[in-house]
Amino acid sequence: MNRRLEGTVALVTGASSGIGHATALELAREGASVALVGRREDRLTDLAAEITGAGGKALVVPADITTAQAAAAAVERTVEGLGRLDTLVNNAGLMLLGPAPSADLNDWRRMIDINLMGLLYTAHAAVPHLVKAAAEEPRQVADIVNIGSLAGRNAYAMSAVYSATKFGVGAFSEALRQELARQHVRVSVIEPGSVDTELRTHNPDVIQQHIVAALGDIERLQSQDIADTVGYIVTRPRHVAVAELLVRPTEQA
């Protein structure tokens, strides 16, 4: 394999499962040293062992990035442990669906805290390091990749606040892209359609049944499909920026 990220460092949030897990492996295969950020340390440790066993380098960073202090500490631990920061993948997220009028307000707060505020805190802490990396070898470019959602383009019943957080991710990504473009820090947002991850399992059974019924028997995306998309974005030549990619299952309406 052409290890196009050799000599660089990536930080992936929500690395303990699903898209984050697959993305960490993909970036490591491309030669990046990877900081694995998440709340489930046992899973991060297993993933780090998988990466190092394949000849890569990984740093386990247990953290709850819903506070600015914890997000900043995760970034600083990455730079201290791995020497720099070239790529940030903001993947950590939560999808709690249901009717808005009867919603548990704590569920709304949890989604806002992780999907939006956690992403903002981590990006804010990472930007100075990314600007520095973009001015240096080996690539002279750095990347922020934010994982949004199809629900960040189209709002749907039963997902009012989830959609609100993902619309926010899209708006933040585009504004930040404009601010950092001249410094060669590329900001991208990926908007997946339905992906077969544990995300939906955080909902009650009745909501999970609703999700399944809405999708029918279509073949859903896998985490690796989105990891491949991240890999594509961050390995483009320095003069190429992919600002936004919508990726959905072929059969999803």
# chains A, B, ... in the order shown; residues from 1 in each chain; ligands from 1

call {"tool": "closest_atom_pairs", "arguments": {"of": "range 52-123 of chain A", "to": "range 153-163 of chain A", "cutoff": "6 Å", "atoms": "only C-alpha atoms", "output": "Markdown table"}}
result
| residue | atom | partner | partner_atom | distance |
| --- | --- | --- | --- | --- |
| A:Leu97 | CA | A:Ser159 | CA | 5.1 |
| A:Gly98 | CA | A:Met158 | CA | 4.4 |
| A:Pro99 | CA | A:Met158 | CA | 4.8 |

call {"tool": "residues_around", "arguments": {"residues": "Asp64 in chain A", "least_positions_apart": "2", "cutoff": "9 Å", "atoms": "only C-alpha atoms", "output": "PyMOL selection string"}}
result
chain A and resi 37-39+62+66-67+70-71+74+114+118

call {"tool": "write_last_selection", "arguments": {"atoms": "N, CA, C and O atoms", "output": "PDB file, in the first residue's frame"}}
result
ATOM      1  N   VAL A  37      -9.634   8.436  20.655  1.00  0.00           N
ATOM      2  CA  VAL A  37     -10.341   9.165  21.704  1.00  0.00           C
ATOM      3  C   VAL A  37     -11.752   8.602  21.863  1.00  0.00           C
ATOM      4  O   VAL A  37     -12.476   8.415  20.881  1.00  0.00           O
ATOM      5  N   GLY A  38     -12.139   8.340  23.094  1.00  0.00           N
ATOM      6  CA  GLY A  38     -13.479   7.837  23.367  1.00  0.00           C
ATOM      7  C   GLY A  38     -13.640   7.562  24.849  1.00  0.00           C
ATOM      8  O   GLY A  38     -12.692   7.721  25.642  1.00  0.00           O
ATOM      9  N   ARG A  39     -14.833   7.132  25.220  1.00  0.00           N
ATOM     10  CA  ARG A  39     -15.116   6.912  26.640  1.00  0.00           C
ATOM     11  C   ARG A  39     -14.907   5.465  27.078  1.00  0.00           C
ATOM     12  O   ARG A  39     -14.761   5.203  28.261  1.00  0.00           O
ATOM     13  N   PRO A  62      -8.481   8.043  26.671  1.00  0.00           N
ATOM     14  CA  PRO A  62      -9.841   8.009  27.212  1.00  0.00           C
ATOM     15  C   PRO A  62     -10.295   9.425  27.549  1.00  0.00           C
ATOM     16  O   PRO A  62      -9.585  10.162  28.233  1.00  0.00           O
ATOM     17  N   THR A  66     -17.333  16.167  26.001  1.00  0.00           N
ATOM     18  CA  THR A  66     -18.470  17.073  26.160  1.00  0.00           C
ATOM     19  C   THR A  66     -18.139  18.268  27.052  1.00  0.00           C
ATOM     20  O   THR A  66     -18.987  19.135  27.266  1.00  0.00           O
ATOM     21  N   THR A  67     -16.924  18.318  27.580  1.00  0.00           N
ATOM     22  CA  THR A  67     -16.471  19.522  28.269  1.00  0.00           C
ATOM     23  C   THR A  67     -15.271  20.093  27.512  1.00  0.00           C
ATOM     24  O   THR A  67     -14.463  19.334  26.949  1.00  0.00           O
ATOM     25  N   ALA A  70     -11.892  18.753  28.839  1.00  0.00           N
ATOM     26  CA  ALA A  70     -11.543  17.382  28.463  1.00  0.00           C
ATOM     27  C   ALA A  70     -11.142  17.300  26.996  1.00  0.00           C
ATOM     28  O   ALA A  70     -10.212  16.571  26.630  1.00  0.00           O
ATOM     29  N   ALA A  71     -11.834  18.036  26.135  1.00  0.00           N
ATOM     30  CA  ALA A  71     -11.497  18.034  24.714  1.00  0.00           C
ATOM     31  C   ALA A  71     -10.099  18.614  24.498  1.00  0.00           C
ATOM     32  O   ALA A  71      -9.289  18.056  23.744  1.00  0.00           O
ATOM     33  N   ALA A  74      -7.470  16.168  25.609  1.00  0.00           N
ATOM     34  CA  ALA A  74      -7.289  15.071  24.655  1.00  0.00           C
ATOM     35  C   ALA A  74      -6.390  15.495  23.501  1.00  0.00           C
ATOM     36  O   ALA A  74      -5.524  14.735  23.048  1.00  0.00           O
ATOM     37  N   ILE A 114     -22.610  16.221  22.775  1.00  0.00           N
ATOM     38  CA  ILE A 114     -21.626  15.398  22.074  1.00  0.00           C
ATOM     39  C   ILE A 114     -21.578  15.707  20.581  1.00  0.00           C
ATOM     40  O   ILE A 114     -20.504  15.880  20.005  1.00  0.00           O
ATOM     41  N   GLY A 118     -19.148  18.974  21.639  1.00  0.00           N
ATOM     42  CA  GLY A 118     -17.914  18.187  21.678  1.00  0.00           C
ATOM     43  C   GLY A 118     -17.084  18.393  20.429  1.00  0.00           C
ATOM     44  O   GLY A 118     -15.851  18.516  20.483  1.00  0.00           O
TER      45      GLY A 118
END

call {"tool": "closest_residue", "arguments": {"among": "A:Val206, A:Val230, A:Ala92, A:Leu116", "to": "Phe167 in chain A", "atoms": "only C-alpha atoms"}}
result
A:Leu116

call {"tool": "atom_distance", "arguments": {"atom1": "CA of Thr8 in chain A", "atom2": "CA of Ala32 in chain A"}}
result
5.1 Å

call {"tool": "closest_residue", "arguments": {"among": "A:His184, A:His202, A:Arg248, A:Arg77", "to": "Ile226 in chain A", "atoms": "only C-alpha atoms"}}
result
A:Arg248

call {"tool": "closest_residue", "arguments": {"among": "A:Ala35, A:Ala103, A:Ala58, A:Leu11", "to": "Ala142 in chain A", "atoms": "only C-alpha atoms"}}
result
A:Leu11

call {"tool": "closest_residue", "arguments": {"among": "A:Lys57, A:Arg43, A:Lys166, A:Lys132", "to": "Met95 in chain A", "atoms": "only C-alpha atoms"}}
result
A:Lys166

call {"tool": "atom_distance", "arguments": {"atom1": "CA of Leu120 in chain A", "atom2": "CA of Glu80 in chain A"}}
result
21.1 Å

call {"tool": "select_by_dssp", "arguments": {"residues": "range 69-213 of chain A", "states": "strand (DSSP E or B)", "output": "list in words"}}
result
Thr87, Leu88, Val89, Asn90, Ala142, Asp143, Ile144, Val145, Asn146, Ile147, Val185, Arg186, Val187, Ser188, Val189, Ile190, Glu191, Pro192 and Val195 of chain A

call {"tool": "closest_residue", "arguments": {"among": "A:Arg220, A:Arg110, A:Arg29, A:His129", "to": "Arg84 in chain A", "atoms": "only C-alpha atoms"}}
result
A:His129

call {"tool": "residues_around", "arguments": {"residues": "Val9 in chain A", "least_positions_apart": "4", "cutoff": "9 Å", "atoms": "only C-alpha atoms", "output": "ChimeraX atom specification"}}
result
/A:5,31-35,78-79,82-88

call {"tool": "write_last_selection", "arguments": {"atoms": "all heavy atoms", "output": "compact mmCIF listing (two decimals), in the first residue's frame"}}
result
# COMPACT_ATOMS: atom_id res chain seq x y z
N LEU A 5 0.05 8.82 4.36
CA LEU A 5 0.02 9.65 5.56
C LEU A 5 1.21 9.39 6.47
O LEU A 5 1.19 9.75 7.65
CB LEU A 5 -1.30 9.41 6.32
CG LEU A 5 -2.58 9.74 5.56
CD1 LEU A 5 -3.80 9.44 6.41
CD2 LEU A 5 -2.60 11.20 5.10
N GLY A 31 -0.54 4.95 7.11
CA GLY A 31 0.74 5.35 7.69
C GLY A 31 0.67 6.35 8.82
O GLY A 31 1.71 6.69 9.41
N ALA A 32 -0.51 6.86 9.14
CA ALA A 32 -0.63 7.85 10.22
C ALA A 32 -0.50 7.17 11.58
O ALA A 32 -0.97 6.04 11.78
CB ALA A 32 -1.97 8.58 10.14
N SER A 33 0.11 7.86 12.54
CA SER A 33 -0.02 7.49 13.94
C SER A 33 -1.37 8.04 14.40
O SER A 33 -1.74 9.16 14.05
CB SER A 33 1.10 8.10 14.77
OG SER A 33 2.37 7.64 14.31
N VAL A 34 -2.11 7.24 15.19
CA VAL A 34 -3.50 7.59 15.47
C VAL A 34 -3.77 7.67 16.97
O VAL A 34 -3.47 6.73 17.71
CB VAL A 34 -4.47 6.57 14.83
CG1 VAL A 34 -5.92 7.05 15.00
CG2 VAL A 34 -4.16 6.38 13.36
N ALA A 35 -4.32 8.80 17.40
CA ALA A 35 -4.81 8.95 18.76
C ALA A 35 -6.27 8.52 18.79
O ALA A 35 -7.09 9.03 18.02
CB ALA A 35 -4.68 10.39 19.22
N THR A 78 -2.53 14.13 22.76
CA THR A 78 -2.16 13.62 21.43
C THR A 78 -0.86 14.24 20.96
O THR A 78 0.06 13.54 20.51
CB THR A 78 -3.28 13.93 20.42
OG1 THR A 78 -4.48 13.26 20.83
CG2 THR A 78 -2.89 13.49 19.02
N VAL A 79 -0.76 15.56 21.06
CA VAL A 79 0.44 16.25 20.58
C VAL A 79 1.65 15.88 21.42
O VAL A 79 2.75 15.66 20.90
CB VAL A 79 0.21 17.77 20.57
CG1 VAL A 79 1.48 18.51 20.20
CG2 VAL A 79 -0.91 18.12 19.58
N LEU A 82 2.38 11.98 20.54
CA LEU A 82 2.70 11.59 19.17
C LEU A 82 3.47 12.67 18.40
O LEU A 82 3.89 12.44 17.27
CB LEU A 82 1.40 11.23 18.42
CG LEU A 82 0.64 10.03 18.99
CD1 LEU A 82 -0.67 9.82 18.24
CD2 LEU A 82 1.49 8.76 18.95
N GLY A 83 3.62 13.84 19.01
CA GLY A 83 4.54 14.83 18.45
C GLY A 83 3.95 15.93 17.60
O GLY A 83 4.59 16.97 17.40
N ARG A 84 2.72 15.77 17.13
CA ARG A 84 2.11 16.77 16.25
C ARG A 84 0.65 16.40 16.05
O ARG A 84 0.16 15.42 16.61
CB ARG A 84 2.84 16.84 14.91
CG ARG A 84 2.88 15.50 14.18
CD ARG A 84 3.79 15.54 12.96
NE ARG A 84 3.22 16.36 11.89
CZ ARG A 84 3.96 17.14 11.11
NH1 ARG A 84 5.26 17.22 11.28
NH2 ARG A 84 3.38 17.84 10.13
N LEU A 85 -0.06 17.17 15.22
CA LEU A 85 -1.43 16.82 14.83
C LEU A 85 -1.69 17.35 13.43
O LEU A 85 -1.60 18.55 13.18
CB LEU A 85 -2.45 17.41 15.80
CG LEU A 85 -3.92 17.07 15.49
CD1 LEU A 85 -4.15 15.56 15.52
CD2 LEU A 85 -4.86 17.76 16.48
N ASP A 86 -1.97 16.43 12.50
CA ASP A 86 -2.21 16.76 11.10
C ASP A 86 -3.66 16.57 10.68
O ASP A 86 -4.12 17.23 9.74
CB ASP A 86 -1.35 15.89 10.19
CG ASP A 86 0.13 16.02 10.47
OD1 ASP A 86 0.62 15.38 11.43
OD2 ASP A 86 0.80 16.77 9.75
N THR A 87 -4.36 15.64 11.31
CA THR A 87 -5.71 15.28 10.90
C THR A 87 -6.60 15.11 12.12
O THR A 87 -6.25 14.37 13.05
CB THR A 87 -5.72 13.96 10.10
OG1 THR A 87 -4.86 14.07 8.97
CG2 THR A 87 -7.12 13.61 9.63
N LEU A 88 -7.74 15.77 12.11
CA LEU A 88 -8.75 15.60 13.15
C LEU A 88 -10.01 15.05 12.50
O LEU A 88 -10.54 15.66 11.55
CB LEU A 88 -9.07 16.93 13.84
CG LEU A 88 -10.29 16.94 14.76
CD1 LEU A 88 -10.11 16.00 15.94
CD2 LEU A 88 -10.60 18.37 15.24

call {"tool": "closest_residue", "arguments": {"among": "A:Ala100, A:Leu246, A:Ile233, A:Leu199", "to": "Ser17 in chain A", "atoms": "only C-alpha atoms"}}
result
A:Leu199

call {"tool": "decode", "arguments": {"residues": "range 113-127 of chain A", "atoms": "all heavy atoms", "output": "tab-separated table (two decimals), in the first residue's frame"}}
result
chain	number	residue	atom	x	y	z
A	113	ASP	N	-24.59	18.17	23.46
A	113	ASP	CA	-23.28	18.15	24.11
A	113	ASP	C	-22.24	17.37	23.32
A	113	ASP	O	-21.09	17.80	23.21
A	113	ASP	CB	-23.39	17.56	25.52
A	113	ASP	CG	-23.99	18.54	26.52
A	113	ASP	OD1	-24.12	19.73	26.19
A	113	ASP	OD2	-24.35	18.10	27.63
A	114	ILE	N	-22.61	16.22	22.77
A	114	ILE	CA	-21.63	15.40	22.07
A	114	ILE	C	-21.58	15.71	20.58
A	114	ILE	O	-20.50	15.88	20.01
A	114	ILE	CB	-21.86	13.89	22.32
A	114	ILE	CG1	-20.72	13.06	21.73
A	114	ILE	CG2	-23.19	13.42	21.74
A	114	ILE	CD1	-19.39	13.29	22.37
A	115	ASN	N	-22.74	15.78	19.92
A	115	ASN	CA	-22.75	15.96	18.47
A	115	ASN	C	-22.24	17.33	18.04
A	115	ASN	O	-21.61	17.45	16.98
A	115	ASN	CB	-24.18	15.80	17.91
A	115	ASN	CG	-24.74	14.42	18.12
A	115	ASN	OD1	-24.08	13.54	18.65
A	115	ASN	ND2	-25.97	14.22	17.68
A	116	LEU	N	-22.53	18.33	18.82
A	116	LEU	CA	-22.20	19.70	18.43
A	116	LEU	C	-21.11	20.30	19.31
A	116	LEU	O	-20.03	20.64	18.83
A	116	LEU	CB	-23.46	20.57	18.45
A	116	LEU	CG	-23.34	21.95	17.80
A	116	LEU	CD1	-22.83	21.86	16.37
A	116	LEU	CD2	-24.69	22.67	17.85
A	117	MET	N	-21.36	20.39	20.61
A	117	MET	CA	-20.40	21.06	21.48
A	117	MET	C	-19.08	20.29	21.57
A	117	MET	O	-18.00	20.90	21.54
A	117	MET	CB	-20.98	21.28	22.88
A	117	MET	CG	-22.21	22.19	22.89
A	117	MET	SD	-21.98	23.77	22.00
A	117	MET	CE	-20.59	24.48	22.87
A	118	GLY	N	-19.15	18.97	21.64
A	118	GLY	CA	-17.91	18.19	21.68
A	118	GLY	C	-17.08	18.39	20.43
A	118	GLY	O	-15.85	18.52	20.48
A	119	LEU	N	-17.74	18.45	19.29
A	119	LEU	CA	-17.06	18.71	18.02
A	119	LEU	C	-16.44	20.10	18.03
A	119	LEU	O	-15.29	20.28	17.61
A	119	LEU	CB	-18.06	18.54	16.89
A	119	LEU	CG	-17.58	18.73	15.45
A	119	LEU	CD1	-18.39	17.84	14.50
A	119	LEU	CD2	-17.71	20.18	14.99
A	120	LEU	N	-17.19	21.09	18.51
A	120	LEU	CA	-16.66	22.46	18.54
A	120	LEU	C	-15.47	22.58	19.47
A	120	LEU	O	-14.46	23.21	19.13
A	120	LEU	CB	-17.77	23.43	18.99
A	120	LEU	CG	-19.03	23.53	18.13
A	120	LEU	CD1	-19.97	24.57	18.72
A	120	LEU	CD2	-18.70	23.87	16.70
A	121	TYR	N	-15.59	21.99	20.65
A	121	TYR	CA	-14.50	22.07	21.61
A	121	TYR	C	-13.22	21.43	21.05
A	121	TYR	O	-12.12	21.97	21.19
A	121	TYR	CB	-14.87	21.34	22.90
A	121	TYR	CG	-15.99	21.95	23.70
A	121	TYR	CD1	-16.86	21.12	24.43
A	121	TYR	CD2	-16.19	23.33	23.78
A	121	TYR	CE1	-17.89	21.65	25.20
A	121	TYR	CE2	-17.22	23.87	24.54
A	121	TYR	CZ	-18.07	23.01	25.24
A	121	TYR	OH	-19.09	23.54	25.99
A	122	THR	N	-13.37	20.26	20.43
A	122	THR	CA	-12.20	19.54	19.92
A	122	THR	C	-11.57	20.30	18.76
A	122	THR	O	-10.34	20.44	18.67
A	122	THR	CB	-12.58	18.12	19.50
A	122	THR	OG1	-13.28	17.47	20.58
A	122	THR	CG2	-11.35	17.30	19.17
A	123	ALA	N	-12.40	20.81	17.86
A	123	ALA	CA	-11.88	21.60	16.74
A	123	ALA	C	-11.15	22.84	17.24
A	123	ALA	O	-10.06	23.18	16.76
A	123	ALA	CB	-13.00	21.98	15.80
A	124	HIS	N	-11.75	23.52	18.20
A	124	HIS	CA	-11.14	24.76	18.73
A	124	HIS	C	-9.75	24.47	19.31
A	124	HIS	O	-8.79	25.23	19.07
A	124	HIS	CB	-12.04	25.35	19.81
A	124	HIS	CG	-11.57	26.66	20.36
A	124	HIS	ND1	-10.77	26.75	21.48
A	124	HIS	CD2	-11.75	27.94	19.93
A	124	HIS	CE1	-10.50	28.01	21.73
A	124	HIS	NE2	-11.08	28.76	20.81
A	125	ALA	N	-9.63	23.37	20.04
A	125	ALA	CA	-8.34	23.03	20.63
A	125	ALA	C	-7.33	22.58	19.58
A	125	ALA	O	-6.12	22.79	19.74
A	125	ALA	CB	-8.53	21.93	21.68
A	126	ALA	N	-7.82	21.96	18.52
A	126	ALA	CA	-6.93	21.37	17.52
A	126	ALA	C	-6.40	22.38	16.50
A	126	ALA	O	-5.30	22.19	15.96
A	126	ALA	CB	-7.66	20.25	16.78
A	127	VAL	N	-7.14	23.43	16.22
A	127	VAL	CA	-6.79	24.32	15.11
A	127	VAL	C	-5.36	24.87	15.18
A	127	VAL	O	-4.64	24.84	14.17
A	127	VAL	CB	-7.83	25.46	14.97
A	127	VAL	CG1	-7.27	26.61	14.13
A	127	VAL	CG2	-9.11	24.93	14.33
